[in-house]
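*Asks:* My structure is below; once you've seen it, I'll send some questions.
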Amino acid sequence: GAGVSQSPSNKVTEKGKDVELRCDPISGHTALYWYRQSLGQGLEFLIYFQGNSAPDKSGLPSDRFSAERTGGSVSTLTIQRTQQEDSAVYLCASSLKQSSYNEQFFGPGTRLTVL
Amino acid sequence: KNQVEQSPQSLIILEGKNCTLQCNYTVSPFSNLRWYKQDTGRGPVSLTIMTFSENTKSNGRYTATLDADTKQSSLHITASQPSDSASYICVVSALTGGGNKLTFGTGTQLKVEL
């Protein structure tokens, strides 16, 4: 079956522009997570969605970052007024439900470069 | 503050050799520990998961150990192959209600040379 897919795979943008990153989770997975992976750093939790519950936004680094999950499936991560420090790989993961015992299946990531 | 430290940061070995990667954590209260393998340009893939009561778990040529008393884990790779070249990430989960506050290590970059 299909795994988690993300698009675009690479995105180069100019400082100050807005970007949207997309994640298609595995069908039937109710939990969806966004992470940021900067060079030489561990994965940094950004936000997670569980079913119809309010998302946990506690990892978002600033109000320039937001995410939506429509219909309990596809999610988009939006970064407004991008800064050079936003350059990183943004990974999306999904799992059957929100539990650390449930394996998270990761997408290939979107590499964002802010010039 | 919950932390996960991995060593070495990078490692180069010859094909066929064994190696051991280390993970020390200060996450509390402990729930479980996973080792992930991340190939270049790909997302991480889970290799093993261990809970408090498990000391060792194998997945093919990968064997993970856990010492919950000393808060240390290791990942042993036997008879290495070039396809093992990847970043290996240790991830520790705390017993907290709600949310998903996994703590990720920065990974060990392994290169297996012919």
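A note on labels: chains of the structure tokens are A, B, ... as shown, every chain counts residues from 1, and ligands are counted from 1 in their shown order.
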Determine, counting only C-alpha atoms, which protein, DNA and RNA residues have an atom within 9 Å of an atom of Leu43 (chain A); residues of the same chain fewer than 6 positions away are not included. Present the result as a PyMOL selection string.

*Replies:* (chain A and resi 35-37+91) or (chain B and resi 103-106)

*Asks:* With N, CA and C atoms retained, could you export that selection as a PDB file, in the first residue's frame?

*Replies:*
```
ATOM      1  N   TYR A  35       7.205  17.492  11.677  1.00  0.00           N
ATOM      2  CA  TYR A  35       8.479  17.700  12.333  1.00  0.00           C
ATOM      3  C   TYR A  35       9.367  18.547  11.431  1.00  0.00           C
ATOM      4  N   ARG A  36      10.352  19.154  12.056  1.00  0.00           N
ATOM      5  CA  ARG A  36      11.382  19.888  11.307  1.00  0.00           C
ATOM      6  C   ARG A  36      12.724  19.265  11.645  1.00  0.00           C
ATOM      7  N   GLN A  37      13.522  19.043  10.613  1.00  0.00           N
ATOM      8  CA  GLN A  37      14.856  18.462  10.802  1.00  0.00           C
ATOM      9  C   GLN A  37      15.873  19.410  10.196  1.00  0.00           C
ATOM     10  N   LEU A  91       9.338  17.083   7.820  1.00  0.00           N
ATOM     11  CA  LEU A  91       8.864  15.703   7.729  1.00  0.00           C
ATOM     12  C   LEU A  91       7.451  15.586   8.287  1.00  0.00           C
TER      13      LEU A  91
ATOM     14  N   THR B 103      11.252  12.584  22.283  1.00  0.00           N
ATOM     15  CA  THR B 103      12.552  13.256  22.289  1.00  0.00           C
ATOM     16  C   THR B 103      13.477  12.501  21.351  1.00  0.00           C
ATOM     17  N   PHE B 104      13.977  13.203  20.346  1.00  0.00           N
ATOM     18  CA  PHE B 104      14.811  12.592  19.323  1.00  0.00           C
ATOM     19  C   PHE B 104      16.281  12.881  19.588  1.00  0.00           C
ATOM     20  N   GLY B 105      17.117  11.882  19.381  1.00  0.00           N
ATOM     21  CA  GLY B 105      18.550  12.116  19.353  1.00  0.00           C
ATOM     22  C   GLY B 105      18.935  12.715  18.007  1.00  0.00           C
ATOM     23  N   THR B 106      20.172  13.196  17.920  1.00  0.00           N
ATOM     24  CA  THR B 106      20.619  13.813  16.674  1.00  0.00           C
ATOM     25  C   THR B 106      21.134  12.785  15.679  1.00  0.00           C
TER      26      THR B 106
END
```

*Asks:* Near Glu54 (chain B), counting only C-alpha atoms, which residues have an atom at most 9 Å away, once you skip same-chain residues fewer than 4 positions from it, shown as a ChimeraX atom specification?

*Replies:* /B:50,65-68

*Asks:* Give me, as a Markdown table, each residue of chain B that comes within 7 Å of chain A, together with its shortest interatomic pair and the distance in Å at one decimal, counting only C-alpha atoms, with rows ordered by chain and rising residue number.

*Replies:*
```
| residue | atom | partner | partner_atom | distance |
| --- | --- | --- | --- | --- |
| B:Gly41 | CA | A:Pro108 | CA | 6.5 |
| B:Arg42 | CA | A:Pro108 | CA | 4.3 |
| B:Gly43 | CA | A:Pro108 | CA | 4.5 |
| B:Pro44 | CA | A:Phe106 | CA | 6.0 |
| B:Val45 | CA | A:Phe105 | CA | 6.9 |
| B:Ser93 | CA | A:Ser100 | CA | 6.4 |
| B:Gly99 | CA | A:Asp56 | CA | 6.4 |
| B:Phe104 | CA | A:Gly42 | CA | 5.4 |
| B:Gly105 | CA | A:Gly42 | CA | 5.3 |
| B:Thr106 | CA | A:Gly42 | CA | 4.0 |
```

*Asks:* Deliver the residues from the most recent selection as a file, using all heavy atoms, as a PDB file, in the first residue's frame.

*Replies:*
```
ATOM      1  N   GLY B  41      17.777  11.386   2.227  1.00  0.00           N
ATOM      2  CA  GLY B  41      16.649  11.822   1.409  1.00  0.00           C
ATOM      3  C   GLY B  41      15.347  11.099   1.682  1.00  0.00           C
ATOM      4  O   GLY B  41      14.381  11.272   0.937  1.00  0.00           O
ATOM      5  N   ARG B  42      15.324  10.297   2.724  1.00  0.00           N
ATOM      6  CA  ARG B  42      14.112   9.543   3.057  1.00  0.00           C
ATOM      7  C   ARG B  42      13.689   9.862   4.489  1.00  0.00           C
ATOM      8  O   ARG B  42      14.442  10.431   5.284  1.00  0.00           O
ATOM      9  CB  ARG B  42      14.369   8.033   2.933  1.00  0.00           C
ATOM     10  CG  ARG B  42      14.963   7.613   1.614  1.00  0.00           C
ATOM     11  CD  ARG B  42      13.950   7.684   0.489  1.00  0.00           C
ATOM     12  NE  ARG B  42      12.873   6.744   0.646  1.00  0.00           N
ATOM     13  CZ  ARG B  42      12.913   5.487   0.213  1.00  0.00           C
ATOM     14  NH1 ARG B  42      13.980   5.030  -0.392  1.00  0.00           N
ATOM     15  NH2 ARG B  42      11.863   4.696   0.383  1.00  0.00           N
ATOM     16  N   GLY B  43      12.467   9.482   4.822  1.00  0.00           N
ATOM     17  CA  GLY B  43      12.021   9.624   6.196  1.00  0.00           C
ATOM     18  C   GLY B  43      12.526   8.472   7.051  1.00  0.00           C
ATOM     19  O   GLY B  43      12.890   7.414   6.537  1.00  0.00           O
ATOM     20  N   PRO B  44      12.564   8.655   8.368  1.00  0.00           N
ATOM     21  CA  PRO B  44      13.017   7.576   9.260  1.00  0.00           C
ATOM     22  C   PRO B  44      12.073   6.375   9.214  1.00  0.00           C
ATOM     23  O   PRO B  44      10.863   6.536   9.055  1.00  0.00           O
ATOM     24  CB  PRO B  44      12.996   8.234  10.648  1.00  0.00           C
ATOM     25  CG  PRO B  44      12.996   9.697  10.388  1.00  0.00           C
ATOM     26  CD  PRO B  44      12.270   9.886   9.101  1.00  0.00           C
ATOM     27  N   VAL B  45      12.655   5.186   9.392  1.00  0.00           N
ATOM     28  CA  VAL B  45      11.878   3.943   9.439  1.00  0.00           C
ATOM     29  C   VAL B  45      12.210   3.231  10.738  1.00  0.00           C
ATOM     30  O   VAL B  45      13.388   3.072  11.084  1.00  0.00           O
ATOM     31  CB  VAL B  45      12.206   3.035   8.238  1.00  0.00           C
ATOM     32  CG1 VAL B  45      11.485   1.696   8.370  1.00  0.00           C
ATOM     33  CG2 VAL B  45      11.820   3.716   6.939  1.00  0.00           C
ATOM     34  N   SER B  93      10.278   8.041  24.372  1.00  0.00           N
ATOM     35  CA  SER B  93       8.955   8.572  24.680  1.00  0.00           C
ATOM     36  C   SER B  93       8.737   8.572  26.183  1.00  0.00           C
ATOM     37  O   SER B  93       9.088   7.610  26.870  1.00  0.00           O
ATOM     38  CB  SER B  93       7.890   7.715  24.008  1.00  0.00           C
ATOM     39  OG  SER B  93       6.600   8.157  24.354  1.00  0.00           O
ATOM     40  N   GLY B  99      -0.811  14.613  23.824  1.00  0.00           N
ATOM     41  CA  GLY B  99       0.301  15.137  23.037  1.00  0.00           C
ATOM     42  C   GLY B  99       1.260  14.073  22.575  1.00  0.00           C
ATOM     43  O   GLY B  99       1.105  12.896  22.858  1.00  0.00           O
ATOM     44  N   PHE B 104      13.977  13.203  20.346  1.00  0.00           N
ATOM     45  CA  PHE B 104      14.811  12.592  19.323  1.00  0.00           C
ATOM     46  C   PHE B 104      16.281  12.881  19.588  1.00  0.00           C
ATOM     47  O   PHE B 104      16.654  14.013  19.942  1.00  0.00           O
ATOM     48  CB  PHE B 104      14.457  13.154  17.951  1.00  0.00           C
ATOM     49  CG  PHE B 104      13.104  12.734  17.432  1.00  0.00           C
ATOM     50  CD1 PHE B 104      11.950  13.355  17.878  1.00  0.00           C
ATOM     51  CD2 PHE B 104      12.993  11.735  16.479  1.00  0.00           C
ATOM     52  CE1 PHE B 104      10.701  12.975  17.397  1.00  0.00           C
ATOM     53  CE2 PHE B 104      11.750  11.357  15.989  1.00  0.00           C
ATOM     54  CZ  PHE B 104      10.608  11.977  16.445  1.00  0.00           C
ATOM     55  N   GLY B 105      17.117  11.882  19.381  1.00  0.00           N
ATOM     56  CA  GLY B 105      18.550  12.116  19.353  1.00  0.00           C
ATOM     57  C   GLY B 105      18.935  12.715  18.007  1.00  0.00           C
ATOM     58  O   GLY B 105      18.123  12.750  17.072  1.00  0.00           O
ATOM     59  N   THR B 106      20.172  13.196  17.920  1.00  0.00           N
ATOM     60  CA  THR B 106      20.619  13.813  16.674  1.00  0.00           C
ATOM     61  C   THR B 106      21.134  12.785  15.679  1.00  0.00           C
ATOM     62  O   THR B 106      21.439  13.139  14.545  1.00  0.00           O
ATOM     63  CB  THR B 106      21.723  14.853  16.938  1.00  0.00           C
ATOM     64  OG1 THR B 106      22.776  14.221  17.656  1.00  0.00           O
ATOM     65  CG2 THR B 106      21.175  16.017  17.739  1.00  0.00           C
TER      66      THR B 106
END
```

*Asks:* Residues of chain B classed as strand (DSSP E) by DSSP on the backbone are to be reported as number ranges by chain.

*Replies:* B: 4-7, 10-14, 19-25, 30-38, 45-51, 56-59, 62-67, 72-77, 86-94, 103-104, 108-113

*Asks:* Rounded to one decimal in Å, what is the spacing between CA of Lys15 (chain A) and CA of Thr82 (chain A)?

*Replies:*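 These atoms are spaced 5.3 Å apart.
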
*Asks:* Mind giving me the straight-line distance from CA of Gly16 (chain A) to CA of Trp34 (chain A) in Å, one decimal?

*Replies:*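 Distance between the two atoms: 21.8 Å.
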
*Asks:* I want to know what sits within 7 Å of region 29-39 of chain B, based on only C-alpha atoms, with residues of the same chain fewer than 3 positions away left out; could you give that as a list in words?

*Replies:*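 So the residues in contact are Arg42, Gly43, Pro44, Val45, Ser46, Leu47, Thr48, Ile49, Met50, Thr51, Phe52, Ala86, Ser87, Tyr88, Ile89, Cys90, Val91, Val92, Ser93, Ala94 and Leu95 of chain B.
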
*Asks:* I need the residues of chain A that end up classed as helix (DSSP H, G or I) by DSSP on the backbone, written out as a JSON list (two decimals) with C-alpha atoms, in the first residue's frame.

*Replies:*
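Written output follows (states39.json):
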```json
[["chain", "number", "residue", "atom", "x", "y", "z"],
["A", 70, "THR", "CA", -8.89, 18.88, 6.09],
["A", 71, "GLY", "CA", -11.36, 16.03, 6.33],
["A", 72, "GLY", "CA", -9.09, 14.13, 8.66],
["A", 84, "GLN", "CA", 16.53, 31.94, 6.28],
["A", 85, "GLU", "CA", 16.43, 30.07, 9.59],
["A", 86, "ASP", "CA", 13.32, 28.27, 8.34]]
```

*Asks:* Calculate how many Å separate CA of Asn55 (chain B) from CA of Leu11 (chain B), rounding to one decimal.

*Replies:*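 Distance reported for this atom pair: 24.7 Å.
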
*Asks:* Could you pull the residues within 8 Å of Leu96 (chain A), counting only C-alpha atoms, minus those fewer than 6 positions along the same chain, as a ChimeraX atom specification?

*Replies:* /A:28-31,102

*Asks:* Deliver the residues from the most recent selection as a file, using N, CA and C atoms, as a PDB file, in the first residue's frame.

*Replies:*
```pdb
ATOM      1  N   GLY A  28      -6.505   5.809   6.663  1.00  0.00           N
ATOM      2  CA  GLY A  28      -6.951   5.173   7.902  1.00  0.00           C
ATOM      3  C   GLY A  28      -6.192   5.603   9.133  1.00  0.00           C
ATOM      4  N   HIS A  29      -5.085   6.282   8.943  1.00  0.00           N
ATOM      5  CA  HIS A  29      -4.324   6.777  10.092  1.00  0.00           C
ATOM      6  C   HIS A  29      -4.980   8.053  10.618  1.00  0.00           C
ATOM      7  N   THR A  30      -5.301   8.039  11.906  1.00  0.00           N
ATOM      8  CA  THR A  30      -6.000   9.194  12.462  1.00  0.00           C
ATOM      9  C   THR A  30      -5.043  10.243  13.021  1.00  0.00           C
ATOM     10  N   ALA A  31      -3.830   9.846  13.296  1.00  0.00           N
ATOM     11  CA  ALA A  31      -2.859  10.786  13.867  1.00  0.00           C
ATOM     12  C   ALA A  31      -1.878  11.234  12.789  1.00  0.00           C
ATOM     13  N   ASN A 102       2.340   3.295  18.962  1.00  0.00           N
ATOM     14  CA  ASN A 102       2.011   3.119  17.554  1.00  0.00           C
ATOM     15  C   ASN A 102       3.124   3.688  16.701  1.00  0.00           C
TER      16      ASN A 102
END
```

*Asks:* Neighbouring residues of Asp24 (chain A) were defined as those with any atom within 8 Å, considering only C-alpha atoms; residues of the same chain fewer than 5 positions away were excluded. Please report them as a list of chain:residue names.

*Replies:*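 Surrounding residues, per the criterion: A:Val4, A:Ser5, A:Gln6, A:Ser73, A:Val74, A:Ser75.
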
*Asks:* Quick one: everything within 9 Å of Leu115 (chain A), counting only C-alpha atoms, minus sequence neighbours fewer than 5 positions away in the same chain. Send it as an NGL selection string.

*Replies:* :A and (12-15 or 83-84 or 87)

*Asks:* With a distance cut-off of 8 Å and only C-alpha atoms, select the neighbouring residues of Ile13 (chain B), excluding the residue or stretch itself and same-chain residues fewer than 2 positions from it, and output the selection as a list in words.

*Replies:*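 Everything that qualifies: Leu11, Glu15, Lys17, Cys19, Leu110, Lys111, Val112 and Glu113 of chain B.
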
*Asks:* Could you turn the residues from that selection into a file that holds all heavy atoms, as a PDB file, in the first residue's frame?

*Replies:*
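That gives us result-v1.pdb:
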```pdb
ATOM      1  N   LEU B  11      30.437   7.374  11.985  1.00  0.00           N
ATOM      2  CA  LEU B  11      31.216   6.140  12.060  1.00  0.00           C
ATOM      3  C   LEU B  11      31.397   5.596  10.657  1.00  0.00           C
ATOM      4  O   LEU B  11      30.438   5.569   9.870  1.00  0.00           O
ATOM      5  CB  LEU B  11      30.468   5.131  12.933  1.00  0.00           C
ATOM      6  CG  LEU B  11      31.082   3.761  13.197  1.00  0.00           C
ATOM      7  CD1 LEU B  11      32.382   3.914  13.955  1.00  0.00           C
ATOM      8  CD2 LEU B  11      30.102   2.902  13.980  1.00  0.00           C
ATOM      9  N   GLU B  15      32.704  -3.168   5.130  1.00  0.00           N
ATOM     10  CA  GLU B  15      31.661  -4.174   4.929  1.00  0.00           C
ATOM     11  C   GLU B  15      32.013  -5.473   5.643  1.00  0.00           C
ATOM     12  O   GLU B  15      33.160  -5.917   5.606  1.00  0.00           O
ATOM     13  CB  GLU B  15      31.474  -4.440   3.434  1.00  0.00           C
ATOM     14  CG  GLU B  15      30.369  -5.431   3.116  1.00  0.00           C
ATOM     15  CD  GLU B  15      30.227  -5.683   1.625  1.00  0.00           C
ATOM     16  OE1 GLU B  15      31.141  -5.301   0.872  1.00  0.00           O
ATOM     17  OE2 GLU B  15      29.194  -6.259   1.219  1.00  0.00           O
ATOM     18  N   LYS B  17      31.984  -5.943   8.854  1.00  0.00           N
ATOM     19  CA  LYS B  17      32.318  -5.690  10.254  1.00  0.00           C
ATOM     20  C   LYS B  17      31.056  -5.409  11.063  1.00  0.00           C
ATOM     21  O   LYS B  17      30.015  -5.058  10.525  1.00  0.00           O
ATOM     22  CB  LYS B  17      33.276  -4.502  10.375  1.00  0.00           C
ATOM     23  CG  LYS B  17      34.615  -4.721   9.697  1.00  0.00           C
ATOM     24  CD  LYS B  17      35.387  -5.847  10.357  1.00  0.00           C
ATOM     25  CE  LYS B  17      36.773  -5.975   9.755  1.00  0.00           C
ATOM     26  NZ  LYS B  17      37.555  -7.099  10.362  1.00  0.00           N
ATOM     27  N   CYS B  19      29.257  -3.269  14.391  1.00  0.00           N
ATOM     28  CA  CYS B  19      29.404  -1.987  15.072  1.00  0.00           C
ATOM     29  C   CYS B  19      28.288  -1.829  16.102  1.00  0.00           C
ATOM     30  O   CYS B  19      27.257  -2.504  16.033  1.00  0.00           O
ATOM     31  CB  CYS B  19      29.383  -0.818  14.092  1.00  0.00           C
ATOM     32  SG  CYS B  19      27.809  -0.555  13.268  1.00  0.00           S
ATOM     33  N   LEU B 110      26.208   6.511   9.912  1.00  0.00           N
ATOM     34  CA  LEU B 110      27.029   5.323   9.643  1.00  0.00           C
ATOM     35  C   LEU B 110      27.309   5.204   8.154  1.00  0.00           C
ATOM     36  O   LEU B 110      26.400   5.337   7.324  1.00  0.00           O
ATOM     37  CB  LEU B 110      26.321   4.056  10.132  1.00  0.00           C
ATOM     38  CG  LEU B 110      26.991   2.727   9.768  1.00  0.00           C
ATOM     39  CD1 LEU B 110      28.336   2.590  10.478  1.00  0.00           C
ATOM     40  CD2 LEU B 110      26.094   1.546  10.113  1.00  0.00           C
ATOM     41  N   LYS B 111      28.564   4.959   7.833  1.00  0.00           N
ATOM     42  CA  LYS B 111      28.938   4.674   6.453  1.00  0.00           C
ATOM     43  C   LYS B 111      29.657   3.340   6.415  1.00  0.00           C
ATOM     44  O   LYS B 111      30.642   3.135   7.133  1.00  0.00           O
ATOM     45  CB  LYS B 111      29.840   5.771   5.886  1.00  0.00           C
ATOM     46  CG  LYS B 111      30.179   5.575   4.410  1.00  0.00           C
ATOM     47  CD  LYS B 111      30.968   6.753   3.861  1.00  0.00           C
ATOM     48  CE  LYS B 111      31.259   6.559   2.376  1.00  0.00           C
ATOM     49  NZ  LYS B 111      32.047   7.686   1.815  1.00  0.00           N
ATOM     50  N   VAL B 112      29.176   2.439   5.573  1.00  0.00           N
ATOM     51  CA  VAL B 112      29.787   1.136   5.396  1.00  0.00           C
ATOM     52  C   VAL B 112      30.461   1.115   4.041  1.00  0.00           C
ATOM     53  O   VAL B 112      29.805   1.260   3.006  1.00  0.00           O
ATOM     54  CB  VAL B 112      28.744   0.007   5.488  1.00  0.00           C
ATOM     55  CG1 VAL B 112      29.421  -1.349   5.296  1.00  0.00           C
ATOM     56  CG2 VAL B 112      28.011   0.063   6.815  1.00  0.00           C
ATOM     57  N   GLU B 113      31.777   0.951   4.073  1.00  0.00           N
ATOM     58  CA  GLU B 113      32.551   0.992   2.838  1.00  0.00           C
ATOM     59  C   GLU B 113      32.907  -0.415   2.367  1.00  0.00           C
ATOM     60  O   GLU B 113      33.077  -1.339   3.165  1.00  0.00           O
ATOM     61  CB  GLU B 113      33.824   1.801   3.051  1.00  0.00           C
ATOM     62  CG  GLU B 113      33.562   3.278   3.315  1.00  0.00           C
ATOM     63  CD  GLU B 113      34.852   4.081   3.437  1.00  0.00           C
ATOM     64  OE1 GLU B 113      35.900   3.492   3.774  1.00  0.00           O
ATOM     65  OE2 GLU B 113      34.802   5.299   3.184  1.00  0.00           O
TER      66      GLU B 113
END
```

*Asks:* Using only C-alpha atoms, find the one residue out of A:Ser53, A:Asp63, A:Ser27, A:Leu32 that sits nearest to Ala2 (chain A).

*Replies:*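 Closest residue, counting only C-alpha atoms: A:Ser27.
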